[in-house]
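The file my_file18.txt comes next; it holds compact mmCIF, C-alpha atoms.
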# COMPACT_ATOMS: atom_id res chain seq x y z
CA MET A 49 22.66 26.61 -18.71
CA LYS A 50 21.72 24.70 -15.56
CA GLN A 51 18.20 25.38 -14.37
CA GLN A 52 18.04 26.77 -10.84
CA GLN A 53 16.06 24.58 -8.46
CA VAL A 54 13.07 26.24 -6.77
CA VAL A 55 13.23 25.78 -3.00
CA VAL A 56 10.40 26.98 -0.78
CA THR A 57 9.20 26.26 2.70
CA ALA A 58 5.75 24.82 3.27
CA ALA A 59 4.67 27.98 5.10
CA SER A 60 5.61 30.26 2.18
CA LEU A 61 3.65 28.38 -0.49
CA SER A 62 0.84 30.38 -2.08
CA ARG A 63 -2.65 28.89 -2.13
CA LYS A 64 -2.31 28.22 -5.87
CA ASP A 65 1.04 26.47 -5.44
CA THR A 66 -0.39 24.41 -2.58
CA VAL A 67 -3.38 23.27 -4.69
CA ILE A 68 -1.11 22.40 -7.64
CA SER A 69 1.27 20.51 -5.37
CA ILE A 70 -1.53 18.51 -3.77
CA ALA A 71 -2.98 17.72 -7.23
CA ILE A 72 0.39 16.36 -8.40
CA ILE A 73 0.76 14.31 -5.21
CA GLY A 74 -2.78 13.02 -5.80
CA LEU A 75 -1.63 11.78 -9.21
CA LEU A 76 1.29 10.06 -7.50
CA PHE A 77 -1.04 8.31 -5.08
CA PHE A 78 -3.16 7.15 -8.02
CA ILE A 79 -0.04 5.62 -9.59
CA PHE A 80 0.90 4.06 -6.23
CA GLY A 81 -2.51 2.42 -6.09
CA PHE A 82 -2.49 1.27 -9.69
CA VAL A 83 0.88 -0.48 -9.39
CA THR A 84 0.28 -1.77 -5.85
CA TRP A 85 -3.24 -3.18 -5.87
CA ILE A 86 -2.79 -5.02 -9.14
CA ASN A 87 -1.01 -7.58 -6.94
CA ALA A 88 -4.48 -8.66 -5.76
CA ILE A 89 -5.02 -10.38 -9.10
CA LEU A 90 -1.36 -11.18 -9.84
CA ILE A 91 -1.23 -13.47 -6.79
CA PRO A 92 -3.99 -15.90 -7.91
CA TYR A 93 -2.97 -15.47 -11.57
CA PHE A 94 0.64 -16.49 -10.95
CA LYS A 95 -0.57 -19.25 -8.64
CA ILE A 96 -2.30 -20.84 -11.63
CA ALA A 97 0.13 -19.95 -14.42
CA CYS A 98 3.31 -20.80 -12.46
CA GLU A 99 1.77 -23.71 -10.49
CA LEU A 100 2.37 -22.36 -6.99
CA ASN A 101 1.03 -23.11 -3.52
CA ASN A 102 -0.41 -20.35 -1.29
CA PHE A 103 2.92 -19.54 0.36
CA GLU A 104 4.76 -19.32 -2.96
CA SER A 105 2.05 -17.15 -4.52
CA TYR A 106 2.31 -14.60 -1.69
CA LEU A 107 5.97 -14.12 -2.57
CA VAL A 108 4.46 -11.64 -5.05
CA ALA A 109 3.57 -9.36 -2.14
CA PHE A 110 6.82 -10.19 -0.33
CA ALA A 111 9.07 -9.32 -3.28
CA PHE A 112 7.18 -6.11 -3.94
CA TYR A 113 7.01 -4.78 -0.39
CA ILE A 114 10.29 -6.02 1.04
CA ALA A 115 11.84 -3.31 -1.13
CA TYR A 116 10.49 -0.80 1.39
CA LEU A 117 12.61 -2.38 4.13
CA VAL A 118 15.70 -2.33 1.92
CA MET A 119 15.21 1.09 0.35
CA SER A 120 13.34 3.38 2.74
CA LEU A 121 16.25 4.76 4.80
CA PRO A 122 18.51 5.06 1.73
CA ALA A 123 15.60 6.86 0.04
CA GLY A 124 15.58 9.41 2.86
CA TYR A 125 19.26 10.14 2.36
CA ILE A 126 18.81 10.24 -1.43
CA LEU A 127 16.03 12.81 -1.08
CA LYS A 128 18.14 14.82 1.35
CA ARG A 129 20.90 14.96 -1.26
CA ILE A 130 18.98 15.45 -4.53
CA GLY A 131 15.65 16.84 -3.33
CA PHE A 132 12.07 15.61 -3.47
CA LYS A 133 11.31 16.51 -7.07
CA ARG A 134 14.28 14.77 -8.69
CA GLY A 135 13.76 11.87 -6.29
CA ILE A 136 10.21 11.41 -7.59
CA MET A 137 11.48 11.48 -11.17
CA TYR A 138 14.12 8.82 -10.50
CA GLY A 139 11.58 6.76 -8.58
CA PHE A 140 9.32 6.61 -11.65
CA TRP A 141 12.24 5.56 -13.84
CA VAL A 142 13.25 2.75 -11.49
CA MET A 143 9.65 1.54 -11.52
CA ALA A 144 9.70 1.59 -15.34
CA ILE A 145 12.67 -0.80 -15.29
CA GLY A 146 10.77 -3.12 -12.94
CA ALA A 147 7.71 -3.19 -15.20
CA ALA A 148 9.90 -3.85 -18.26
CA LEU A 149 11.36 -6.96 -16.55
CA PHE A 150 7.93 -8.60 -16.87
CA VAL A 151 8.51 -9.03 -20.61
CA PRO A 152 11.53 -11.41 -20.42
CA ALA A 153 9.99 -13.05 -17.34
CA ALA A 154 6.85 -13.89 -19.31
CA LEU A 155 8.84 -15.12 -22.30
CA GLY A 156 10.56 -17.71 -20.10
CA ARG A 157 7.70 -18.19 -17.58
CA THR A 158 10.37 -17.50 -14.94
CA TYR A 159 8.75 -16.78 -11.59
CA GLY A 160 12.04 -15.60 -10.07
CA LEU A 161 12.41 -12.91 -12.74
CA PHE A 162 8.82 -11.79 -12.13
CA LEU A 163 9.74 -11.41 -8.46
CA ALA A 164 12.83 -9.40 -9.45
CA GLY A 165 10.62 -7.09 -11.49
CA LEU A 166 8.23 -6.69 -8.57
CA PHE A 167 11.13 -5.93 -6.22
CA THR A 168 12.41 -3.26 -8.62
CA LEU A 169 8.93 -1.75 -8.82
CA GLY A 170 8.89 -1.69 -5.02
CA VAL A 171 12.28 0.07 -4.86
CA GLY A 172 11.01 2.86 -7.11
CA LEU A 173 7.77 3.09 -5.18
CA ALA A 174 9.64 3.34 -1.86
CA ILE A 175 11.44 6.42 -3.18
CA LEU A 176 8.18 7.92 -4.42
CA GLN A 177 6.29 7.34 -1.18
CA THR A 178 9.13 8.63 0.98
CA ALA A 179 8.93 11.86 -1.03
CA ALA A 180 5.14 12.12 -1.38
CA ASN A 181 3.84 11.49 2.14
CA PRO A 182 5.66 14.38 3.88
CA TYR A 183 4.10 16.76 1.34
CA ILE A 184 0.64 15.81 2.61
CA THR A 185 1.71 16.36 6.21
CA VAL A 186 3.23 19.81 5.70
CA LEU A 187 0.96 21.23 2.97
CA GLY A 188 -1.69 22.71 5.21
CA ASP A 189 -3.12 22.74 8.70
CA LYS A 190 -1.90 19.84 10.85
CA GLU A 191 -5.40 19.22 12.23
CA ARG A 192 -6.68 18.68 8.70
CA ALA A 193 -3.91 16.28 7.71
CA ALA A 194 -6.37 13.38 7.97
CA GLN A 195 -8.58 15.07 5.38
CA ARG A 196 -5.70 15.43 2.96
CA PHE A 197 -4.62 11.84 3.55
CA SER A 198 -8.22 10.77 2.92
CA VAL A 199 -8.20 12.55 -0.45
CA MET A 200 -4.91 10.84 -1.30
CA GLY A 201 -6.37 7.56 -0.09
CA ILE A 202 -9.33 7.94 -2.44
CA CYS A 203 -6.92 8.47 -5.34
CA ASN A 204 -4.96 5.39 -4.25
CA LYS A 205 -7.93 3.11 -3.69
CA PHE A 206 -9.82 4.25 -6.78
CA ALA A 207 -6.75 3.21 -8.77
CA GLY A 208 -6.87 -0.05 -6.83
CA ILE A 209 -10.43 -0.62 -8.02
CA VAL A 210 -9.57 0.17 -11.62
CA ALA A 211 -6.22 -1.65 -11.89
CA PRO A 212 -7.33 -5.27 -11.23
CA LEU A 213 -10.36 -4.83 -13.48
CA LEU A 214 -8.25 -3.41 -16.31
CA PHE A 215 -5.64 -6.12 -15.83
CA ALA A 216 -8.36 -8.78 -15.84
CA ALA A 217 -9.86 -7.30 -19.00
CA ALA A 218 -6.42 -7.36 -20.64
CA VAL A 219 -5.29 -10.87 -19.68
CA LEU A 220 -8.40 -12.91 -18.88
CA LYS A 221 -10.93 -14.36 -21.32
CA PRO A 222 -14.56 -15.42 -20.79
CA THR A 223 -13.52 -19.04 -21.42
CA ASP A 224 -10.78 -19.05 -18.76
CA ASN A 225 -12.91 -20.69 -16.06
CA ALA A 226 -13.04 -23.78 -18.27
CA LEU A 227 -9.31 -23.46 -19.05
CA PHE A 228 -8.41 -23.33 -15.35
CA GLU A 229 -10.38 -26.53 -14.75
CA GLN A 230 -8.75 -28.24 -17.74
CA LEU A 231 -5.26 -27.32 -16.46
CA LYS A 232 -5.89 -29.53 -13.42
CA THR A 233 -6.01 -32.60 -15.66
CA MET A 234 -3.53 -31.58 -18.39
CA GLU A 235 -0.08 -33.17 -18.51
CA GLY A 236 3.22 -32.91 -20.36
CA LEU A 237 3.85 -30.56 -23.26
CA VAL A 238 0.17 -29.76 -23.71
CA LYS A 239 0.04 -28.28 -20.23
CA GLU A 240 3.38 -26.48 -20.66
CA HIS A 241 2.17 -24.81 -23.87
CA ALA A 242 -1.11 -23.80 -22.24
CA LEU A 243 0.69 -22.28 -19.25
CA ASP A 244 3.19 -20.48 -21.50
CA ALA A 245 0.34 -18.94 -23.47
CA LEU A 246 -1.42 -17.93 -20.25
CA ILE A 247 1.58 -16.16 -18.72
CA ALA A 248 2.50 -14.47 -22.04
CA ARG A 249 -0.65 -12.35 -21.70
CA VAL A 250 1.04 -10.10 -19.11
CA MET A 251 3.75 -8.86 -21.52
CA LEU A 252 1.79 -6.17 -23.37
CA PRO A 253 0.10 -4.62 -20.26
CA TYR A 254 3.40 -4.30 -18.40
CA ALA A 255 5.26 -3.00 -21.45
CA ILE A 256 2.65 -0.23 -21.62
CA VAL A 257 3.01 0.42 -17.89
CA ALA A 258 6.80 0.75 -18.31
CA VAL A 259 6.39 3.39 -21.01
CA VAL A 260 3.81 5.32 -18.98
CA LEU A 261 6.08 5.34 -15.90
CA LEU A 262 8.98 6.61 -17.98
CA LEU A 263 6.84 9.48 -19.31
CA LEU A 264 5.55 10.31 -15.83
CA GLY A 265 9.11 10.77 -14.62
CA ILE A 266 9.71 13.28 -17.41
CA PHE A 267 6.42 15.03 -16.55
CA VAL A 268 7.41 15.47 -12.90
CA ARG A 269 10.81 16.84 -13.93
CA PHE A 270 9.15 19.71 -15.82
CA SER A 271 6.08 20.10 -13.58
CA PRO A 272 5.53 23.12 -11.26
CA LEU A 273 5.87 20.90 -8.18
CA PRO A 274 8.00 22.92 -5.73
CA GLU A 275 10.91 21.63 -3.69
CA ILE A 276 9.98 21.81 -0.01
CA ASP A 277 12.74 22.64 2.44
CA THR A 278 11.85 20.64 5.56
CA ASP A 279 15.27 21.25 7.12
CA THR A 280 14.25 24.77 8.12
CA GLU A 281 12.60 24.54 11.52
CA ASP A 282 10.79 27.14 13.53
CA GLU A 283 12.27 28.18 16.86
CA GLN A 284 9.81 26.11 18.93
CA LEU A 285 10.69 22.86 17.14
CA SER A 286 14.39 23.62 17.27
CA SER A 287 14.35 24.16 21.03
CA SER A 288 12.10 21.18 21.81
CA ASN A 289 14.27 18.80 19.73
CA ALA A 290 17.60 20.18 20.90
CA GLY A 291 18.44 17.02 22.86
CA LYS A 292 17.38 14.62 20.10
CA LYS A 293 20.23 12.98 18.22
CA THR A 294 18.43 10.39 16.04
CA VAL A 295 14.90 9.48 15.01
CA LEU A 296 15.07 6.63 17.54
CA ASP A 297 14.83 9.27 20.29
CA PHE A 298 11.16 9.79 19.36
CA PRO A 299 9.07 6.95 20.90
CA HIS A 300 5.87 8.09 19.22
CA LEU A 301 7.64 7.79 15.85
CA VAL A 302 9.18 4.36 16.49
CA LEU A 303 5.93 2.96 17.88
CA GLY A 304 4.11 4.61 14.98
CA SER A 305 6.32 2.79 12.49
CA VAL A 306 5.33 -0.51 14.13
CA ALA A 307 1.69 0.60 13.85
CA ILE A 308 2.17 1.28 10.13
CA PHE A 309 3.76 -2.19 9.78
CA PHE A 310 0.70 -3.91 11.22
CA HIS A 311 -1.77 -1.61 9.48
CA VAL A 312 -0.46 -2.05 5.95
CA GLY A 313 0.04 -5.78 6.51
CA SER A 314 -3.56 -6.26 7.62
CA GLN A 315 -4.81 -4.03 4.81
CA VAL A 316 -3.02 -5.90 2.05
CA ILE A 317 -4.18 -9.26 3.46
CA ALA A 318 -7.78 -8.07 3.30
CA VAL A 319 -7.37 -7.12 -0.38
CA ASP A 320 -4.88 -9.64 -1.76
CA SER A 321 -6.32 -12.74 -0.08
CA ILE A 322 -9.96 -12.24 -0.91
CA ILE A 323 -9.98 -13.69 -4.44
CA ASN A 324 -8.54 -17.00 -3.27
CA TYR A 325 -10.81 -17.02 -0.21
CA VAL A 326 -13.95 -16.31 -2.25
CA SER A 327 -12.93 -18.99 -4.77
CA SER A 328 -12.57 -21.48 -1.91
CA THR A 329 -16.27 -20.94 -1.09
CA GLY A 330 -17.27 -22.21 -4.54
CA VAL A 331 -17.37 -18.93 -6.48
CA PRO A 332 -15.72 -19.14 -9.97
CA PHE A 333 -12.44 -17.22 -10.42
CA LEU A 334 -13.84 -14.81 -13.02
CA GLU A 335 -16.60 -13.87 -10.58
CA ALA A 336 -14.29 -13.71 -7.55
CA LYS A 337 -11.93 -11.25 -9.30
CA VAL A 338 -14.24 -8.31 -8.50
CA PHE A 339 -14.06 -8.74 -4.71
CA PRO A 340 -10.85 -6.68 -4.20
CA SER A 341 -12.81 -3.82 -5.74
CA TYR A 342 -15.52 -4.25 -3.10
CA THR A 343 -12.95 -4.11 -0.29
CA LEU A 344 -11.33 -1.00 -1.75
CA SER A 345 -14.75 0.58 -2.32
CA ALA A 346 -15.47 0.10 1.38
CA THR A 347 -12.19 1.88 2.08
CA ILE A 348 -13.17 4.78 -0.16
CA ILE A 349 -16.48 5.11 1.70
CA GLY A 350 -14.48 5.39 4.91
CA TYR A 351 -12.27 8.06 3.35
CA MET A 352 -15.29 10.07 2.25
CA LEU A 353 -16.78 9.93 5.72
CA GLY A 354 -13.42 11.08 7.04
CA ILE A 355 -13.37 14.06 4.70
CA LEU A 356 -16.89 15.04 5.79
CA CYS A 357 -16.51 14.42 9.51
CA VAL A 358 -12.86 15.18 10.40
CA PRO A 359 -12.33 17.56 12.12
CA ARG A 360 -15.82 19.07 11.79
CA PHE A 361 -17.61 16.50 13.95
CA ILE A 362 -14.89 14.18 15.27
CA SER A 363 -11.14 14.47 15.68
CA GLN A 364 -8.78 12.42 13.51
CA LEU A 365 -7.64 10.70 16.72
CA LEU A 366 -11.18 9.56 17.53
CA ALA A 367 -11.56 8.30 13.95
CA LEU A 368 -8.35 6.30 14.41
CA LYS A 369 -9.64 4.75 17.65
CA VAL A 370 -12.99 3.78 16.09
CA CYS A 371 -11.33 2.20 13.04
CA THR A 372 -8.84 0.13 15.04
CA ILE A 373 -11.62 -1.27 17.26
CA ALA A 374 -13.77 -1.99 14.18
CA GLY A 375 -10.85 -3.82 12.56
CA LEU A 376 -10.51 -6.15 15.54
CA MET A 377 -14.25 -6.78 15.62
CA PHE A 378 -14.48 -7.57 11.88
CA SER A 379 -11.44 -9.89 12.16
CA PHE A 380 -13.22 -12.00 14.77
CA LEU A 381 -16.38 -12.02 12.63
CA VAL A 382 -14.40 -13.29 9.62
CA ILE A 383 -13.09 -16.19 11.70
CA PHE A 384 -16.21 -17.16 13.62
CA SER A 385 -19.14 -16.34 11.30
CA ASN A 386 -20.76 -19.14 9.30
CA GLY A 387 -23.51 -19.53 6.74
CA ARG A 388 -24.04 -18.32 3.21
CA VAL A 389 -25.68 -15.15 1.97
CA ALA A 390 -26.52 -13.60 -1.41
CA VAL A 391 -25.25 -10.00 -1.73
CA LEU A 392 -24.76 -7.95 -4.92
CA GLY A 393 -25.56 -11.02 -6.99
CA HIS A 394 -22.91 -13.21 -5.32
CA GLU A 395 -23.82 -16.21 -3.18
CA THR A 396 -20.92 -16.90 -0.86
CA SER A 397 -19.96 -17.23 2.81
CA ILE A 398 -21.06 -14.35 5.03
CA SER A 399 -17.49 -14.19 6.37
CA VAL A 400 -16.37 -12.92 2.95
CA TRP A 401 -18.33 -9.72 3.51
CA PHE A 402 -16.59 -9.12 6.82
CA VAL A 403 -13.30 -9.26 4.89
CA VAL A 404 -14.82 -6.61 2.62
CA LEU A 405 -15.75 -4.52 5.67
CA LEU A 406 -12.14 -4.63 6.82
CA GLY A 407 -11.59 -2.17 3.99
CA PHE A 408 -13.83 0.31 5.83
CA ALA A 409 -12.06 -0.31 9.14
CA ASN A 410 -8.67 0.31 7.52
CA SER A 411 -9.69 3.59 5.88
CA MET A 412 -8.69 6.12 8.55
CA ILE A 413 -5.84 4.25 10.24
CA TRP A 414 -3.04 5.47 7.94
CA ALA A 415 -4.45 9.01 8.02
CA GLY A 416 -4.53 8.86 11.82
CA VAL A 417 -1.16 7.26 12.50
CA TRP A 418 0.99 9.16 9.99
CA PRO A 419 0.55 12.73 11.35
CA LEU A 420 0.76 11.49 14.96
CA ALA A 421 4.03 9.67 14.24
CA LEU A 422 5.59 12.63 12.39
CA SER A 423 4.45 15.20 14.93
CA ASN A 424 7.16 17.67 16.06
CA LEU A 425 10.06 15.94 14.29
CA GLY A 426 11.44 19.14 12.81
CA ARG A 427 14.78 18.50 11.08
CA PHE A 428 14.22 14.75 11.47
CA LEU A 429 11.13 14.81 9.23
CA LYS A 430 12.70 13.27 6.12
CA ILE A 431 14.41 10.45 7.98
CA GLY A 432 11.31 9.97 10.15
CA ALA A 433 9.22 9.61 7.01
CA SER A 434 11.74 7.05 5.75
CA LEU A 435 11.30 5.03 8.93
CA LEU A 436 7.53 4.96 8.40
CA ILE A 437 7.95 3.99 4.76
CA MET A 438 10.31 1.20 5.86
CA ALA A 439 7.43 -0.13 7.94
CA LEU A 440 5.56 -0.80 4.69
CA CYS A 441 7.53 -4.05 4.62
CA GLY A 442 4.57 -5.24 6.70
CA ASN A 443 2.93 -5.63 3.31
CA ALA A 444 5.63 -8.21 2.52
CA ILE A 445 5.80 -10.15 5.76
CA MET A 446 2.19 -10.32 6.96
CA PRO A 447 0.72 -11.74 3.70
CA LEU A 448 3.51 -14.31 3.64
CA LEU A 449 2.52 -15.38 7.17
CA TYR A 450 -1.08 -15.53 6.03
CA GLY A 451 -0.08 -17.72 3.05
CA TYR A 452 1.86 -20.09 5.32
CA PHE A 453 -1.03 -20.46 7.77
CA ALA A 454 -3.46 -20.83 4.85
CA ASP A 455 -1.50 -23.87 3.63
CA VAL A 456 -1.36 -25.35 7.14
CA TYR A 457 -4.72 -24.42 8.71
CA GLY A 458 -6.89 -23.26 5.81
CA LEU A 459 -7.71 -19.90 4.25
CA LYS A 460 -10.31 -18.93 6.86
CA MET A 461 -8.33 -19.78 10.00
CA ALA A 462 -5.31 -17.96 8.56
CA TYR A 463 -7.14 -14.69 9.23
CA TRP A 464 -6.11 -15.10 12.87
CA VAL A 465 -2.94 -13.22 11.85
CA LEU A 466 -5.07 -10.05 11.75
CA VAL A 467 -5.95 -10.16 15.46
CA PRO A 468 -2.55 -9.13 16.93
CA CYS A 469 -2.29 -6.45 14.25
CA TYR A 470 -5.43 -4.67 15.42
CA VAL A 471 -4.65 -5.24 19.10
CA TYR A 472 -1.39 -3.29 18.65
CA LEU A 473 -3.11 -0.60 16.59
CA ILE A 474 -5.61 -0.10 19.41
CA PHE A 475 -2.67 0.30 21.82
CA TYR A 476 -1.08 2.97 19.63
CA ALA A 477 -4.36 4.84 19.13
CA PHE A 478 -5.04 5.02 22.87
CA ARG A 479 -1.57 5.10 24.40
CA GLY A 480 1.46 4.75 22.14
CA TYR A 481 1.21 8.08 20.32
CA LYS A 482 1.45 9.96 23.65
CA LEU A 483 4.92 8.69 24.55
CA VAL A 484 7.52 11.43 24.09
CA ALA A 485 10.46 9.79 25.90
CA TRP A 486 11.68 6.28 26.56
CA ARG A 487 11.38 5.37 30.22
CA LYS A 488 14.54 4.04 31.80
CA ILE A 489 14.13 0.93 33.89
CA LYS A 490 15.70 1.36 37.35
CA MET A 491 17.56 -1.67 38.61
Translate the structure described by the file into structure tokens.
Amino acid sequence: MKQQQVVVTAASLSRKDTVISIAIIGLLFFIFGFVTWINAILIPYFKIACELNNFESYLVAFAFYIAYLVMSLPAGYILKRIGFKRGIMYGFWVMAIGAALFVPAALGRTYGLFLAGLFTLGVGLAILQTAANPYITVLGDKERAAQRFSVMGICNKFAGIVAPLLFAAAVLKPTDNALFEQLKTMEGLVKEHALDALIARVMLPYAIVAVVLLLLGIFVRFSPLPEIDTDTEDEQLSSSNAGKKTVLDFPHLVLGSVAIFFHVGSQVIAVDSIINYVSSTGVPFLEAKVFPSYTLSATIIGYMLGILCVPRFISQLLALKVCTIAGLMFSFLVIFSNGRVAVLGHETSISVWFVVLLGFANSMIWAGVWPLALSNLGRFLKIGASLLIMALCGNAIMPLLYGYFADVYGLKMAYWVLVPCYVYLIFYAFRGYKLVAWRKIKM
């Protein structure tokens, strides 16, 4: 007998159901972070094992995140047809297929197949995020949306701290610093065998990940997570959106999607580039591998401050404005600061620590932009969320630009790509979110 699907509106959820739903979404954000931020160590790892330049190594981020551009709008229509809960289940299963592709890719040391696996992971993740983010917006008071996003962000970034360290523990050895130096002088079959053995280390971790993702899909299928009916609008939203035909009729949403593009692109650059940048300052790879955790820890500190202060002491809009300005300031400090400093037992360039501080600046931007962009969309909420998820392709394009400029101008000067990102984010925080209609230009 076919099980009847439970459909409720956000307003009718009991407090218990709301807490359970948020807890399940928190688990999803942990998984997002675990799968996503492991790229921070995959990029330098593949650069060595597959003999890549900077641009080629950042194809890891490109292949993973370009899936959002390809899949986000289709994901919205899929969720509209099958519902959020089943969509999350299928998203996990697609991700499991992507993780499983790492096994044959490692057997043949085939970089293209690794990229295919990463793209498939990204497709599944696009479905999951399209489903998960609207839950956080509608499950509770709108003015406290930034708090809920901060909690989700902590889940995401904590996973980001854990994932690279677990991956490093699984695939790296204490003697690898010497091995990486020896690879520079190895030739012929000796080098090929060494590289084959190095890349083969990723098979077991990703096989385990594939199994876990498969089981998580089954868990969601039988979990108490309710199906939220976002197509049911209240009278005020229905009347105010009566003249709206598509999501493109909402300027604050379209401009918000551009803001998400620049935000996620700048965020992933700060995390995924730092190992290579720290290594370029003379720090050994096995020591540099911990720096993504520092950047993500700075982000978590920002989230915690957001939970404590928003909206009790400051509004989520003011937090957004402060973070965007801080991001621009830290970007300039990364580029122009010089000298070395010893912090937390690491002696490296002081500019490295401003890259770390970018994690703090990025902490409240997503939480600020997302509810502003989705404000008053009503029946367009699912497709509007898809448009914002599509903007996560900034994670694909911006790091690739950084990698190109790093090859041409150097790793430090390549951080100039961050400046226009934060300039636009400042525009949206102060002006863009207010626009409710496109102005027609009179000839």
Please, what distance in Å, to one decimal, runs between CA of Ser385 in chain A and CA of Phe402 in chain A?
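It comes out at 8.9 Å.
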Tell me, as a PyMOL selection string, which residues lie within 9 Å of range 441-449 of chain A, counting all atoms listed in the file; anything in the same chain fewer than 6 positions away does not count.
chain A and resi 102-118+306+308-317+320-321+462+465-466
What lies within 12 Å of Val331 in chain A using only C-alpha atoms, ignoring chain neighbours under 2 positions off, as an NGL selection string?
:A and (225 or 322-329 or 333-339 or 388 or 390 or 393-397 or 400)
Skip Phe78 in chain A itself and residues of its chain fewer than 6 positions away, then list as a ChimeraX atom specification all residues within 8 Å of it, counting all atoms listed in the file.
/A:200,203-207
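With all atoms listed in the file as the atoms that count, the minimum distance from Lys95 in chain A to the choices A:Ala415, A:Val295, A:Ala226, A:Leu243 is reached by A:Leu243.
Take CA of Ile362 in chain A and CA of Leu76 in chain A: the distance between them is 28.2 Å.
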Quick check, in Å to one decimal: how far apart do CA of Ser120 in chain A and CA of Gly139 in chain A lie?
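Computed distance, CA of Ser120 in chain A to CA of Gly139 in chain A, equals 11.9 Å.
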Kindly extract all protein, DNA and RNA residues lying within 10 Å of the coordinates (-16.9, 5.2, 8.7) given in the file, considering all atoms listed in the file, and supply them as a PyMOL selection string.
chain A and resi 346-354+357+367+370-371+374+408-412
For Leu422 in chain A, work out the shell of residues within 12 Å, counting all atoms listed in the file and skipping chain neighbours fewer than 2 positions away, then give it as a ChimeraX atom specification.
/A:181-186,190,193,295,298-305,415-420,424-437,481,484
Residues near Leu214 in chain A, anyone? I mean within 10 Å using all atoms listed in the file, not counting same-chain ones fewer than 5 positions away, as an MDAnalysis selection string.
chainID A and resid 82 86 209 219:220 253
When you count only C-alpha atoms, which of these residues is closest to Glu99 in chain A: A:Val382, A:Gln177, A:Lys232, A:Gly131?
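Of A:Val382, A:Gln177, A:Lys232, A:Gly131, the one nearest Glu99 in chain A is A:Lys232, counting only C-alpha atoms.
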Atom completion result for range 128-139 of chain A (N, CA and C atoms) as an mmCIF file, in the coordinates of the input:
data_model
loop_
_atom_site.group_PDB
_atom_site.id
_atom_site.type_symbol
_atom_site.label_atom_id
_atom_site.label_comp_id
_atom_site.auth_asym_id
_atom_site.auth_seq_id
_atom_site.Cartn_x
_atom_site.Cartn_y
_atom_site.Cartn_z
ATOM 1 N N LYS A 128 17.418 13.731 0.666
ATOM 2 C CA LYS A 128 18.140 14.820 1.350
ATOM 3 C C LYS A 128 19.224 15.395 0.447
ATOM 4 N N ARG A 129 19.796 14.534 -0.388
ATOM 5 C CA ARG A 129 20.900 14.960 -1.260
ATOM 6 C C ARG A 129 20.404 15.589 -2.561
ATOM 7 N N ILE A 130 19.397 14.989 -3.196
ATOM 8 C CA ILE A 130 18.980 15.450 -4.530
ATOM 9 C C ILE A 130 17.651 16.198 -4.516
ATOM 10 N N GLY A 131 16.925 16.146 -3.393
ATOM 11 C CA GLY A 131 15.650 16.840 -3.330
ATOM 12 C C GLY A 131 14.471 15.940 -3.662
ATOM 13 N N PHE A 132 13.287 16.395 -3.289
ATOM 14 C CA PHE A 132 12.070 15.610 -3.470
ATOM 15 C C PHE A 132 11.721 15.452 -4.950
ATOM 16 N N LYS A 133 11.799 16.526 -5.691
ATOM 17 C CA LYS A 133 11.310 16.510 -7.070
ATOM 18 C C LYS A 133 12.124 15.564 -7.953
ATOM 19 N N ARG A 134 13.437 15.678 -7.905
ATOM 20 C CA ARG A 134 14.280 14.770 -8.690
ATOM 21 C C ARG A 134 14.152 13.342 -8.168
ATOM 22 N N GLY A 135 13.952 13.200 -6.853
ATOM 23 C CA GLY A 135 13.760 11.870 -6.290
ATOM 24 C C GLY A 135 12.522 11.192 -6.848
ATOM 25 N N ILE A 136 11.441 11.961 -7.007
ATOM 26 C CA ILE A 136 10.210 11.410 -7.590
ATOM 27 C C ILE A 136 10.455 10.998 -9.034
ATOM 28 N N MET A 137 11.168 11.810 -9.774
ATOM 29 C CA MET A 137 11.480 11.480 -11.170
ATOM 30 C C MET A 137 12.258 10.173 -11.269
ATOM 31 N N TYR A 138 13.319 10.042 -10.468
ATOM 32 C CA TYR A 138 14.120 8.820 -10.500
ATOM 33 C C TYR A 138 13.313 7.616 -10.024
ATOM 34 N N GLY A 139 12.425 7.847 -9.060
ATOM 35 C CA GLY A 139 11.580 6.760 -8.580
ATOM 36 C C GLY A 139 10.717 6.186 -9.692
#
